[in-house]
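Novice: Here you go, final.txt (compact mmCIF, C-alpha atoms):
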```txt
# COMPACT_ATOMS: atom_id res chain seq x y z
CA MET A 11 -44.10 -331.35 -235.72
CA GLU A 12 -42.75 -334.11 -233.50
CA GLY A 13 -39.62 -333.82 -231.44
CA PRO A 14 -37.53 -335.96 -229.16
CA ALA A 15 -38.96 -337.42 -226.00
CA SER A 16 -39.07 -335.02 -223.10
CA GLY A 17 -36.22 -335.31 -220.66
CA PRO A 18 -34.00 -333.36 -218.28
CA GLY A 19 -33.72 -329.74 -219.36
CA THR A 20 -36.84 -329.80 -221.52
CA ALA A 21 -39.11 -326.76 -221.12
CA TYR A 22 -42.73 -326.20 -222.06
CA TRP A 23 -45.29 -323.68 -223.11
CA ILE A 24 -48.62 -324.44 -221.48
CA MET A 25 -51.39 -322.61 -223.30
CA ARG A 26 -55.11 -322.36 -222.45
CA ILE A 27 -57.13 -320.70 -225.19
CA ASP A 28 -60.70 -319.62 -225.99
CA VAL A 29 -60.99 -318.78 -229.68
CA HIS A 30 -63.67 -316.26 -230.69
CA ASP A 31 -62.59 -315.64 -234.32
CA MET A 32 -61.59 -318.92 -235.97
CA GLU A 33 -60.63 -317.40 -239.32
CA THR A 34 -58.09 -315.03 -237.76
CA TYR A 35 -56.93 -317.78 -235.39
CA LYS A 36 -56.07 -319.92 -238.44
CA SER A 37 -53.66 -317.14 -239.46
CA TYR A 38 -52.11 -317.34 -235.99
CA VAL A 39 -51.63 -321.11 -236.29
CA ALA A 40 -49.93 -320.70 -239.68
CA ALA A 41 -47.68 -317.90 -238.43
CA ASP A 42 -46.72 -319.50 -235.11
CA ALA A 43 -45.56 -322.60 -236.98
CA ILE A 44 -42.68 -320.52 -238.39
CA ALA A 45 -41.36 -319.61 -234.93
CA ILE A 46 -41.95 -323.07 -233.47
CA GLU A 47 -40.06 -324.71 -236.33
CA LYS A 48 -37.20 -322.19 -236.10
CA TYR A 49 -36.77 -322.91 -232.38
CA ARG A 50 -37.32 -326.66 -232.88
CA GLY A 51 -40.35 -326.91 -230.63
CA TRP A 52 -42.71 -329.84 -230.78
CA PHE A 53 -46.32 -330.35 -229.77
CA LEU A 54 -47.24 -332.70 -226.95
CA VAL A 55 -50.87 -331.55 -226.80
CA ARG A 56 -52.66 -329.60 -229.50
CA GLY A 57 -56.35 -329.10 -228.81
CA GLY A 58 -58.44 -332.23 -228.67
CA ARG A 59 -60.78 -333.73 -226.13
CA HIS A 60 -60.30 -332.73 -222.51
CA GLU A 61 -62.16 -332.73 -219.23
CA ALA A 62 -61.93 -330.06 -216.56
CA VAL A 63 -61.66 -332.08 -213.36
CA GLN A 64 -61.25 -328.98 -211.18
CA GLY A 65 -61.71 -325.30 -211.88
CA PRO A 66 -62.70 -323.55 -215.10
CA ALA A 67 -61.45 -324.76 -218.46
CA ARG A 68 -60.77 -323.04 -221.74
CA SER A 69 -61.95 -324.61 -224.98
CA ARG A 70 -58.45 -325.33 -226.34
CA ASN A 71 -55.29 -326.53 -224.61
CA VAL A 72 -51.80 -326.73 -226.06
CA VAL A 73 -48.52 -328.00 -224.63
CA LEU A 74 -45.34 -327.35 -226.60
CA ALA A 75 -41.90 -328.68 -225.69
CA PHE A 76 -38.50 -327.09 -226.32
CA LYS A 77 -34.99 -328.34 -225.66
CA ASP A 78 -34.59 -325.97 -222.69
CA HIS A 79 -36.13 -323.01 -220.89
CA GLU A 80 -33.96 -320.43 -222.66
CA THR A 81 -35.13 -321.71 -226.05
CA ALA A 82 -38.78 -321.67 -224.96
CA LEU A 83 -38.44 -318.02 -223.90
CA ALA A 84 -36.44 -317.07 -227.00
CA CYS A 85 -39.16 -318.52 -229.22
CA TYR A 86 -41.93 -316.63 -227.43
CA ARG A 87 -39.99 -313.37 -227.57
CA SER A 88 -38.85 -313.82 -231.18
CA PRO A 89 -40.03 -311.45 -233.92
CA GLU A 90 -41.57 -314.47 -235.70
CA TYR A 91 -43.73 -315.45 -232.74
CA GLN A 92 -44.63 -311.87 -231.86
CA GLU A 93 -45.95 -311.45 -235.39
CA ALA A 94 -48.10 -314.57 -234.89
CA TYR A 95 -49.19 -313.28 -231.48
CA GLY A 96 -50.75 -310.28 -233.23
CA PHE A 97 -53.27 -312.68 -234.82
CA ARG A 98 -53.90 -314.53 -231.55
CA ARG A 99 -54.37 -311.31 -229.59
CA VAL A 100 -57.35 -310.30 -231.75
CA SER A 101 -58.84 -313.77 -232.22
CA ALA A 102 -58.64 -315.42 -228.79
CA GLU A 103 -58.28 -315.05 -225.03
CA ALA A 104 -55.36 -317.06 -223.69
CA GLU A 105 -52.89 -317.73 -220.94
CA VAL A 106 -49.38 -318.87 -221.82
CA ILE A 107 -46.87 -320.16 -219.30
CA ALA A 108 -43.23 -320.97 -220.11
CA ILE A 109 -41.95 -323.47 -217.55
CA PRO A 110 -38.92 -325.73 -217.25
CA GLY A 111 -39.49 -329.45 -216.72
CA THR A 112 -38.12 -331.37 -213.80
CA GLU A 113 -34.49 -332.33 -213.77
```
Translate the structure of the given file into C-alpha cells.

Specialist:
Amino acid sequence: MEGPASGPGTAYWIMRIDVHDMETYKSYVAADAIAIEKYRGWFLVRGGRHEAVQGPARSRNVVLAFKDHETALACYRSPEYQEAYGFRRVSAEAEVIAIPGTE
C-alpha cells in the first residue's frame, strides 16, 4: 500500500524483526494488512536488502508511515492489529517503535 509523501505530523512504526517460523509469519502479514489499511498506513520500507553499519541487525526491517502519531498508536492498539500480533508473537522476535516525525 502506498500513501502520501511524508510530511509534518507524519508518524512511523519502526520495526526490526527476526522471523523463526515463516509459515506463521505469513499469517501475521495477511492479518496486519487489515489494520494497516483501516488506519491508512503505508510502507516506506518492507524487508529487503540492508547493511548494519553499527550495532547488531535483525534480518527484517519495516518502516510504516501514518498521518499522525495518534493514528499510529491507534492502529497498533486496535483489535485488528492485536489479532495479527498474536501470529507475530509466536513466529518472530521483534522490536516496534511508534515515533512522530519532525515538524

Novice: Show me, as a ChimeraX atom specification, the residues that have an atom within 6 Å of Tyr38 (chain A) when counting all atoms listed in the file, minus same-chain residues fewer than 5 positions from it.

Specialist: /A:94,97-98

Novice: Neighbours of Ser69 (chain A) within 8 Å (only C-alpha atoms; same-chain residues fewer than 6 positions away dropped), as number ranges by chain?

Specialist: A: 26-29

Novice: Record the distance separating CA of Ala41 (chain A) and CA of Met25 (chain A), expressed in Å with one decimal.

Specialist: 16.3 Å

Novice: Identify which of the residues A:Trp23, A:Glu93, A:Glu61, A:Tyr35 lies closest to Glu105 (chain A), counting all atoms listed in the file when measuring atom-to-atom distances.

Specialist: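 Nearest to Glu105 (chain A): A:Trp23.
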
Novice: How many Å lie between CA of Gly19 (chain A) and CA of Arg70 (chain A), rounded to one decimal?

Specialist: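 Distance between the two atoms: 26.1 Å.
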
Novice: Show which residues sit within 10 Å of region 81-86 of chain A, as a PyMOL selection string. Count all atoms listed in the file, and ignore same-chain residues fewer than 4 positions away.

Specialist: chain A and resi 20-23+42+45-51+74-77+90-92+94-95+106-110

Novice: Take CA of Pro66 (chain A) and CA of Glu103 (chain A) and report the distance between them in Å, one decimal.

Specialist: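 We find that CA of Pro66 (chain A) and CA of Glu103 (chain A) lie 13.8 Å from each other.
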
Novice: Check the smallest atom-to-atom distance from each of A:Val63, A:Ile44, A:Ile24, A:Leu54 to Pro89 (chain A) using only C-alpha atoms, then report the winner.

Specialist: A:Ile44

Novice: What are the centre and edge lengths in Å, to one decimal, of the axis-aligned box around all listed atoms of region 27-45 of chain A with 6 Å added on each side, as lines of an AutoDock Vina configuration file?

Specialist:
```
center_x = -52.5
center_y = -318.8
center_z = -232.4
size_x = 34.3
size_y = 19.6
size_z = 26.5
```

Novice: From the list A:Val73, A:Gly111, A:Val55, A:Thr34, which residue is nearest Gly96 (chain A) when using all atoms listed in the file?

Specialist: A:Thr34
